[in-house]
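Asks: Just so it is clear, I am handing over structure_7.cif, which has mmCIF, N, CA, C and O atoms and all ligand atoms.
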data_my_file
loop_
_atom_site.label_atom_id
_atom_site.label_comp_id
_atom_site.auth_asym_id
_atom_site.auth_seq_id
_atom_site.Cartn_x
_atom_site.Cartn_y
_atom_site.Cartn_z
N MET O 1 12.28 41.26 -4.41
CA MET O 1 13.09 41.02 -3.20
C MET O 1 14.40 41.79 -3.29
O MET O 1 15.08 41.77 -4.31
N LYS O 2 14.74 42.47 -2.21
CA LYS O 2 15.97 43.26 -2.18
C LYS O 2 17.18 42.35 -1.99
O LYS O 2 17.17 41.47 -1.14
N LYS O 3 18.18 42.59 -2.83
CA LYS O 3 19.40 41.78 -2.71
C LYS O 3 20.34 42.43 -1.71
O LYS O 3 20.70 43.59 -1.86
N GLU O 4 20.69 41.67 -0.69
CA GLU O 4 21.61 42.22 0.32
C GLU O 4 23.05 42.05 -0.15
O GLU O 4 23.44 41.00 -0.62
N LYS O 5 23.79 43.12 -0.01
CA LYS O 5 25.21 43.04 -0.34
C LYS O 5 25.92 42.26 0.76
O LYS O 5 25.68 42.48 1.93
N LYS O 6 26.77 41.36 0.33
CA LYS O 6 27.50 40.58 1.32
C LYS O 6 28.95 40.99 1.36
O LYS O 6 29.53 41.36 0.36
N MET O 7 29.51 40.91 2.55
CA MET O 7 30.93 41.21 2.72
C MET O 7 31.60 40.01 3.37
O MET O 7 31.00 39.33 4.20
N TYR O 8 32.83 39.79 2.97
CA TYR O 8 33.58 38.67 3.54
C TYR O 8 34.94 39.17 4.02
O TYR O 8 35.51 40.10 3.46
N CYS O 9 35.44 38.50 5.05
CA CYS O 9 36.80 38.78 5.48
C CYS O 9 37.74 38.18 4.45
O CYS O 9 37.65 36.99 4.16
N ASN O 10 38.60 39.00 3.88
CA ASN O 10 39.51 38.50 2.84
C ASN O 10 40.51 37.49 3.38
O ASN O 10 41.04 36.67 2.63
N CYS O 11 40.77 37.54 4.67
CA CYS O 11 41.78 36.65 5.25
C CYS O 11 41.22 35.27 5.54
O CYS O 11 41.74 34.27 5.06
N CYS O 12 40.15 35.18 6.32
CA CYS O 12 39.62 33.86 6.71
C CYS O 12 38.40 33.46 5.90
O CYS O 12 37.96 32.31 5.97
N GLY O 13 37.84 34.37 5.10
CA GLY O 13 36.72 34.03 4.23
C GLY O 13 35.37 34.04 4.92
O GLY O 13 34.36 33.74 4.31
N ARG O 14 35.37 34.38 6.19
CA ARG O 14 34.12 34.39 6.95
C ARG O 14 33.24 35.55 6.50
O ARG O 14 33.72 36.63 6.18
N GLU O 15 31.92 35.30 6.48
CA GLU O 15 31.01 36.36 6.10
C GLU O 15 30.89 37.39 7.23
O GLU O 15 30.74 37.02 8.39
N ILE O 16 30.98 38.66 6.86
CA ILE O 16 30.87 39.73 7.85
C ILE O 16 29.40 39.90 8.23
O ILE O 16 28.53 39.93 7.36
N LEU O 17 29.16 40.03 9.52
CA LEU O 17 27.80 40.18 10.03
C LEU O 17 27.22 41.54 9.62
O LEU O 17 27.74 42.58 9.99
N MET O 18 26.14 41.50 8.82
CA MET O 18 25.52 42.73 8.34
C MET O 18 24.03 42.69 8.54
O MET O 18 23.41 41.62 8.53
N GLU O 19 23.45 43.87 8.71
CA GLU O 19 22.00 43.98 8.85
C GLU O 19 21.59 45.24 8.12
O GLU O 19 22.06 46.34 8.44
N ASN O 20 20.73 45.10 7.13
CA ASN O 20 20.29 46.23 6.31
C ASN O 20 21.47 47.03 5.77
O ASN O 20 21.49 48.27 5.84
N GLU O 21 22.46 46.30 5.26
CA GLU O 21 23.65 46.89 4.64
C GLU O 21 24.51 47.67 5.63
O GLU O 21 25.35 48.47 5.23
N ILE O 22 24.28 47.47 6.92
CA ILE O 22 25.13 48.10 7.93
C ILE O 22 25.96 47.01 8.60
O ILE O 22 25.41 45.98 9.02
N VAL O 23 27.26 47.24 8.66
CA VAL O 23 28.16 46.26 9.27
C VAL O 23 27.94 46.25 10.77
O VAL O 23 27.95 47.28 11.43
N LYS O 24 27.70 45.04 11.31
CA LYS O 24 27.35 44.92 12.72
C LYS O 24 28.48 44.32 13.57
O LYS O 24 28.22 43.72 14.60
N GLU O 25 29.69 44.44 13.09
CA GLU O 25 30.82 43.98 13.89
C GLU O 25 32.04 44.80 13.53
O GLU O 25 32.00 45.58 12.58
N GLY O 26 33.09 44.64 14.29
CA GLY O 26 34.30 45.40 14.03
C GLY O 26 35.04 44.86 12.83
O GLY O 26 35.36 43.67 12.77
N ILE O 27 35.27 45.69 11.82
CA ILE O 27 36.05 45.25 10.67
C ILE O 27 37.10 46.30 10.33
O ILE O 27 36.97 47.47 10.69
N PHE O 28 38.12 45.84 9.64
CA PHE O 28 39.16 46.73 9.14
C PHE O 28 39.02 46.73 7.62
O PHE O 28 39.25 45.73 6.96
N SER O 29 38.58 47.86 7.09
CA SER O 29 38.27 47.96 5.67
C SER O 29 39.20 48.98 5.05
O SER O 29 39.30 50.11 5.53
N VAL O 30 39.90 48.59 4.00
CA VAL O 30 40.85 49.52 3.41
C VAL O 30 40.78 49.51 1.88
O VAL O 30 40.48 48.48 1.27
N GLU O 31 41.00 50.66 1.31
CA GLU O 31 41.10 50.80 -0.14
C GLU O 31 42.27 51.74 -0.37
O GLU O 31 42.26 52.88 0.08
N TYR O 32 43.28 51.23 -1.03
CA TYR O 32 44.50 52.02 -1.15
C TYR O 32 44.96 52.14 -2.60
O TYR O 32 45.04 51.14 -3.32
N GLN O 33 45.24 53.35 -3.02
CA GLN O 33 45.72 53.58 -4.38
C GLN O 33 47.23 53.73 -4.36
O GLN O 33 47.78 54.62 -3.71
N PHE O 34 47.89 52.82 -5.08
CA PHE O 34 49.34 52.88 -5.14
C PHE O 34 49.79 54.04 -6.00
O PHE O 34 49.14 54.39 -6.99
N GLY O 35 50.88 54.63 -5.61
CA GLY O 35 51.35 55.83 -6.29
C GLY O 35 52.42 55.59 -7.33
O GLY O 35 52.80 54.44 -7.63
N TYR O 36 52.93 56.67 -7.83
CA TYR O 36 53.86 56.68 -8.95
C TYR O 36 55.11 55.83 -8.73
O TYR O 36 55.61 55.17 -9.63
N PHE O 37 55.64 55.84 -7.51
CA PHE O 37 56.90 55.14 -7.25
C PHE O 37 56.70 53.66 -6.95
O PHE O 37 57.63 52.93 -6.65
N SER O 38 55.47 53.23 -7.04
CA SER O 38 55.16 51.82 -6.80
C SER O 38 55.11 51.07 -8.13
O SER O 38 54.83 51.66 -9.18
N GLU O 39 55.37 49.76 -8.06
CA GLU O 39 55.21 48.94 -9.26
C GLU O 39 53.73 48.71 -9.57
O GLU O 39 53.37 48.17 -10.59
N LYS O 40 52.90 49.12 -8.63
CA LYS O 40 51.45 48.98 -8.81
C LYS O 40 50.82 50.33 -9.11
O LYS O 40 49.64 50.56 -8.83
N ASP O 41 51.60 51.24 -9.67
CA ASP O 41 51.12 52.59 -9.97
C ASP O 41 49.77 52.56 -10.67
O ASP O 41 49.61 51.89 -11.68
N GLY O 42 48.83 53.30 -10.11
CA GLY O 42 47.51 53.41 -10.73
C GLY O 42 46.53 52.34 -10.30
O GLY O 42 45.35 52.42 -10.61
N GLN O 43 47.01 51.33 -9.56
CA GLN O 43 46.10 50.28 -9.11
C GLN O 43 45.52 50.65 -7.75
O GLN O 43 46.21 51.22 -6.91
N VAL O 44 44.26 50.30 -7.57
CA VAL O 44 43.62 50.48 -6.26
C VAL O 44 43.37 49.10 -5.68
O VAL O 44 42.71 48.27 -6.30
N HIS O 45 43.96 48.85 -4.52
CA HIS O 45 43.78 47.56 -3.85
C HIS O 45 42.86 47.76 -2.64
O HIS O 45 43.01 48.72 -1.90
N GLY O 46 41.94 46.85 -2.47
CA GLY O 46 41.03 46.95 -1.33
C GLY O 46 40.80 45.60 -0.70
O GLY O 46 40.82 44.57 -1.37
N PHE O 47 40.62 45.59 0.60
CA PHE O 47 40.23 44.36 1.29
C PHE O 47 39.58 44.69 2.63
O PHE O 47 39.71 45.80 3.14
N ASP O 48 38.87 43.70 3.13
CA ASP O 48 38.23 43.83 4.45
C ASP O 48 38.73 42.70 5.33
O ASP O 48 38.89 41.56 4.87
N LEU O 49 38.96 43.00 6.58
CA LEU O 49 39.35 41.98 7.54
C LEU O 49 38.40 42.01 8.72
O LEU O 49 37.99 43.08 9.16
N CYS O 50 38.06 40.82 9.24
CA CYS O 50 37.30 40.79 10.47
C CYS O 50 38.25 41.20 11.60
O CYS O 50 39.47 41.20 11.43
N GLU O 51 37.69 41.55 12.74
CA GLU O 51 38.52 42.07 13.83
C GLU O 51 39.55 41.04 14.29
O GLU O 51 40.67 41.39 14.64
N GLU O 52 39.14 39.78 14.27
CA GLU O 52 40.04 38.72 14.70
C GLU O 52 41.27 38.63 13.79
O GLU O 52 42.41 38.53 14.26
N CYS O 53 41.05 38.69 12.47
CA CYS O 53 42.16 38.61 11.53
C CYS O 53 43.01 39.88 11.59
O CYS O 53 44.22 39.84 11.43
N TYR O 54 42.36 41.00 11.84
CA TYR O 54 43.11 42.25 11.99
C TYR O 54 44.05 42.15 13.19
O TYR O 54 45.22 42.51 13.10
N ASP O 55 43.53 41.63 14.30
CA ASP O 55 44.36 41.48 15.51
C ASP O 55 45.53 40.53 15.24
O ASP O 55 46.64 40.77 15.70
N LYS O 56 45.26 39.45 14.49
CA LYS O 56 46.33 38.50 14.17
C LYS O 56 47.38 39.15 13.29
O LYS O 56 48.58 38.93 13.47
N MET O 57 46.94 39.96 12.32
CA MET O 57 47.87 40.61 11.41
C MET O 57 48.75 41.61 12.15
O MET O 57 49.97 41.59 12.02
N THR O 58 48.13 42.45 12.97
CA THR O 58 48.91 43.48 13.67
C THR O 58 49.78 42.86 14.76
O THR O 58 50.82 43.41 15.09
N ALA O 59 49.37 41.70 15.28
CA ALA O 59 50.18 41.02 16.29
C ALA O 59 51.51 40.57 15.69
O ALA O 59 52.49 40.38 16.41
N GLY O 60 51.56 40.42 14.36
CA GLY O 60 52.78 40.00 13.69
C GLY O 60 53.72 41.15 13.35
O GLY O 60 54.82 40.92 12.86
N PHE O 61 53.27 42.37 13.61
CA PHE O 61 54.11 43.53 13.32
C PHE O 61 55.30 43.59 14.27
O PHE O 61 55.15 43.34 15.47
N LYS O 62 56.47 43.94 13.75
CA LYS O 62 57.64 44.13 14.61
C LYS O 62 57.46 45.39 15.45
O LYS O 62 57.80 45.45 16.62
N ILE O 63 56.91 46.42 14.82
CA ILE O 63 56.61 47.67 15.52
C ILE O 63 55.08 47.78 15.54
O ILE O 63 54.45 47.75 14.47
N PRO O 64 54.50 47.84 16.71
CA PRO O 64 53.03 47.86 16.76
C PRO O 64 52.42 49.07 16.07
O PRO O 64 53.05 50.12 15.97
N CYS O 65 51.21 48.91 15.57
CA CYS O 65 50.54 50.03 14.91
C CYS O 65 50.19 51.09 15.94
O CYS O 65 50.08 50.80 17.13
N THR O 66 50.05 52.31 15.49
CA THR O 66 49.73 53.40 16.40
C THR O 66 48.25 53.34 16.76
O THR O 66 47.41 53.01 15.92
N VAL O 67 47.96 53.63 17.99
CA VAL O 67 46.58 53.67 18.46
C VAL O 67 46.38 55.01 19.15
O VAL O 67 47.14 55.37 20.04
N SER O 68 45.40 55.75 18.68
CA SER O 68 45.10 57.01 19.35
C SER O 68 43.60 57.15 19.53
O SER O 68 42.82 56.44 18.89
N GLU O 69 43.24 58.04 20.37
CA GLU O 69 41.84 58.26 20.68
C GLU O 69 41.18 59.03 19.54
O GLU O 69 41.72 60.03 19.08
N ALA O 70 40.02 58.55 19.08
CA ALA O 70 39.30 59.27 18.03
C ALA O 70 38.72 60.55 18.59
O ALA O 70 38.22 60.58 19.71
N ARG O 71 38.83 61.61 17.79
CA ARG O 71 38.26 62.88 18.22
C ARG O 71 36.75 62.88 18.06
O ARG O 71 36.02 63.48 18.82
N GLU O 72 36.32 62.20 16.99
CA GLU O 72 34.90 62.11 16.74
C GLU O 72 34.53 60.65 16.63
O GLU O 72 35.25 59.88 16.02
N TYR O 73 33.45 60.27 17.21
CA TYR O 73 33.00 58.89 17.09
C TYR O 73 32.11 58.75 15.88
O TYR O 73 31.26 59.61 15.63
N LEU O 74 32.37 57.70 15.13
CA LEU O 74 31.61 57.49 13.90
C LEU O 74 30.20 56.99 14.23
O LEU O 74 30.01 56.27 15.18
ZN ZN U 101 38.80 36.99 9.26
#
Take the structure in this file and express it as structure tokens.
Ligand SMILES: [Zn+2]
Replies:
Amino acid sequence: MKKEKKMYCNCCGREILMENEIVKEGIFSVEYQFGYFSEKDGQVHGFDLCEECYDKMTAGFKIPCTVSEAREYL
């Protein structure tokens, strides 16, 4: 039996909807490597957010995130 990889929203803990290892909903997935001037130099931090938690997070920004039209659709 094939083991399906599961993904969870790091914020609310909800399981991300997946089918055959393809994400079937809007998620915000990030993996960021901190640089030399950071106290986390050399660490790579990653997390996934469901679209709802992403909207809640960005809604708390003092300056809204930039939104532009994608040149290529994924
Ligand atoms: Zn969430």
Asks: Around ligand ZN 101 (chain U), which protein and nucleic acid residues have at least one atom no more than 12 Å from it, if we count only C-alpha atoms and all ligand atoms? List them as a list in words.
Replies: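 Using only C-alpha atoms and all ligand atoms, everything at most 12 Å from ligand ZN 101 (chain U) comes to Met7, Tyr8, Cys9, Asn10, Cys11, Cys12, Gly13, Arg14, Glu15, Ile16, Leu17, Glu25, Gly26, Ile27, Phe28, Ser29, Phe47, Asp48, Leu49, Cys50, Glu51, Glu52, Cys53, Tyr54, Asp55, Lys56 and Met57 of chain O.
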Asks: Limited to N, CA, C and O atoms, could you put the picked residues into a file as a CSV table (one decimal), in the coordinates of the input?
Replies:
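again_31.csv, written as the output of this step:
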chain,number,residue,atom,x,y,z
O,7,MET,N,29.5,40.9,2.6
O,7,MET,CA,30.9,41.2,2.7
O,7,MET,C,31.6,40.0,3.4
O,7,MET,O,31.0,39.3,4.2
O,8,TYR,N,32.8,39.8,3.0
O,8,TYR,CA,33.6,38.7,3.5
O,8,TYR,C,34.9,39.2,4.0
O,8,TYR,O,35.5,40.1,3.5
O,9,CYS,N,35.4,38.5,5.0
O,9,CYS,CA,36.8,38.8,5.5
O,9,CYS,C,37.7,38.2,4.4
O,9,CYS,O,37.6,37.0,4.2
O,10,ASN,N,38.6,39.0,3.9
O,10,ASN,CA,39.5,38.5,2.8
O,10,ASN,C,40.5,37.5,3.4
O,10,ASN,O,41.0,36.7,2.6
O,11,CYS,N,40.8,37.5,4.7
O,11,CYS,CA,41.8,36.6,5.2
O,11,CYS,C,41.2,35.3,5.5
O,11,CYS,O,41.7,34.3,5.1
O,12,CYS,N,40.2,35.2,6.3
O,12,CYS,CA,39.6,33.9,6.7
O,12,CYS,C,38.4,33.5,5.9
O,12,CYS,O,38.0,32.3,6.0
O,13,GLY,N,37.8,34.4,5.1
O,13,GLY,CA,36.7,34.0,4.2
O,13,GLY,C,35.4,34.0,4.9
O,13,GLY,O,34.4,33.7,4.3
O,14,ARG,N,35.4,34.4,6.2
O,14,ARG,CA,34.1,34.4,7.0
O,14,ARG,C,33.2,35.6,6.5
O,14,ARG,O,33.7,36.6,6.2
O,15,GLU,N,31.9,35.3,6.5
O,15,GLU,CA,31.0,36.4,6.1
O,15,GLU,C,30.9,37.4,7.2
O,15,GLU,O,30.7,37.0,8.4
O,16,ILE,N,31.0,38.7,6.9
O,16,ILE,CA,30.9,39.7,7.8
O,16,ILE,C,29.4,39.9,8.2
O,16,ILE,O,28.5,39.9,7.4
O,17,LEU,N,29.2,40.0,9.5
O,17,LEU,CA,27.8,40.2,10.0
O,17,LEU,C,27.2,41.5,9.6
O,17,LEU,O,27.7,42.6,10.0
O,25,GLU,N,29.7,44.4,13.1
O,25,GLU,CA,30.8,44.0,13.9
O,25,GLU,C,32.0,44.8,13.5
O,25,GLU,O,32.0,45.6,12.6
O,26,GLY,N,33.1,44.6,14.3
O,26,GLY,CA,34.3,45.4,14.0
O,26,GLY,C,35.0,44.9,12.8
O,26,GLY,O,35.4,43.7,12.8
O,27,ILE,N,35.3,45.7,11.8
O,27,ILE,CA,36.0,45.2,10.7
O,27,ILE,C,37.1,46.3,10.3
O,27,ILE,O,37.0,47.5,10.7
O,28,PHE,N,38.1,45.8,9.6
O,28,PHE,CA,39.2,46.7,9.1
O,28,PHE,C,39.0,46.7,7.6
O,28,PHE,O,39.2,45.7,7.0
O,29,SER,N,38.6,47.9,7.1
O,29,SER,CA,38.3,48.0,5.7
O,29,SER,C,39.2,49.0,5.0
O,29,SER,O,39.3,50.1,5.5
O,47,PHE,N,40.6,45.6,0.6
O,47,PHE,CA,40.2,44.4,1.3
O,47,PHE,C,39.6,44.7,2.6
O,47,PHE,O,39.7,45.8,3.1
O,48,ASP,N,38.9,43.7,3.1
O,48,ASP,CA,38.2,43.8,4.4
O,48,ASP,C,38.7,42.7,5.3
O,48,ASP,O,38.9,41.6,4.9
O,49,LEU,N,39.0,43.0,6.6
O,49,LEU,CA,39.4,42.0,7.5
O,49,LEU,C,38.4,42.0,8.7
O,49,LEU,O,38.0,43.1,9.2
O,50,CYS,N,38.1,40.8,9.2
O,50,CYS,CA,37.3,40.8,10.5
O,50,CYS,C,38.2,41.2,11.6
O,50,CYS,O,39.5,41.2,11.4
O,51,GLU,N,37.7,41.6,12.7
O,51,GLU,CA,38.5,42.1,13.8
O,51,GLU,C,39.6,41.0,14.3
O,51,GLU,O,40.7,41.4,14.6
O,52,GLU,N,39.1,39.8,14.3
O,52,GLU,CA,40.0,38.7,14.7
O,52,GLU,C,41.3,38.6,13.8
O,52,GLU,O,42.4,38.5,14.3
O,53,CYS,N,41.0,38.7,12.5
O,53,CYS,CA,42.2,38.6,11.5
O,53,CYS,C,43.0,39.9,11.6
O,53,CYS,O,44.2,39.8,11.4
O,54,TYR,N,42.4,41.0,11.8
O,54,TYR,CA,43.1,42.2,12.0
O,54,TYR,C,44.0,42.2,13.2
O,54,TYR,O,45.2,42.5,13.1
O,55,ASP,N,43.5,41.6,14.3
O,55,ASP,CA,44.4,41.5,15.5
O,55,ASP,C,45.5,40.5,15.2
O,55,ASP,O,46.6,40.8,15.7
O,56,LYS,N,45.3,39.4,14.5
O,56,LYS,CA,46.3,38.5,14.2
O,56,LYS,C,47.4,39.2,13.3
O,56,LYS,O,48.6,38.9,13.5
O,57,MET,N,46.9,40.0,12.3
O,57,MET,CA,47.9,40.6,11.4
O,57,MET,C,48.8,41.6,12.2
O,57,MET,O,50.0,41.6,12.0
Asks: Calculate how many Å separate atom O of Gly46 (chain O) from atom N of Gln33 (chain O), rounding to one decimal.
Replies: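 Those two atoms sit 10.0 Å apart.
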Asks: Expressed in Å to a single decimal, how great is the separation between atom O of Val44 (chain O) and CA of Lys6 (chain O)?
Replies: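 About the pair atom O of Val44 (chain O) and CA of Lys6 (chain O): they are 18.7 Å apart.
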Asks: If you run DSSP on the backbone here, which positions in chain O get strand (DSSP E)? Please write them as a ChimeraX atom specification.
Replies: /O:18-19,22-23,27-33,44-50
Asks: Give the alpha helix (DSSP H) residues of chain O, as assigned by DSSP on the backbone, as a ChimeraX atom specification.
Replies: /O:51-59
Asks: Which centre and edge lengths in Å to one decimal define the box along x, y and z that fits every listed atom of region 47-51 of chain O plus 4 Å per side, as lines of an AutoDock Vina configuration file?
Replies:
center_x = 39.0
center_y = 43.3
center_z = 7.6
size_x = 11.4
size_y = 13.0
size_z = 22.0
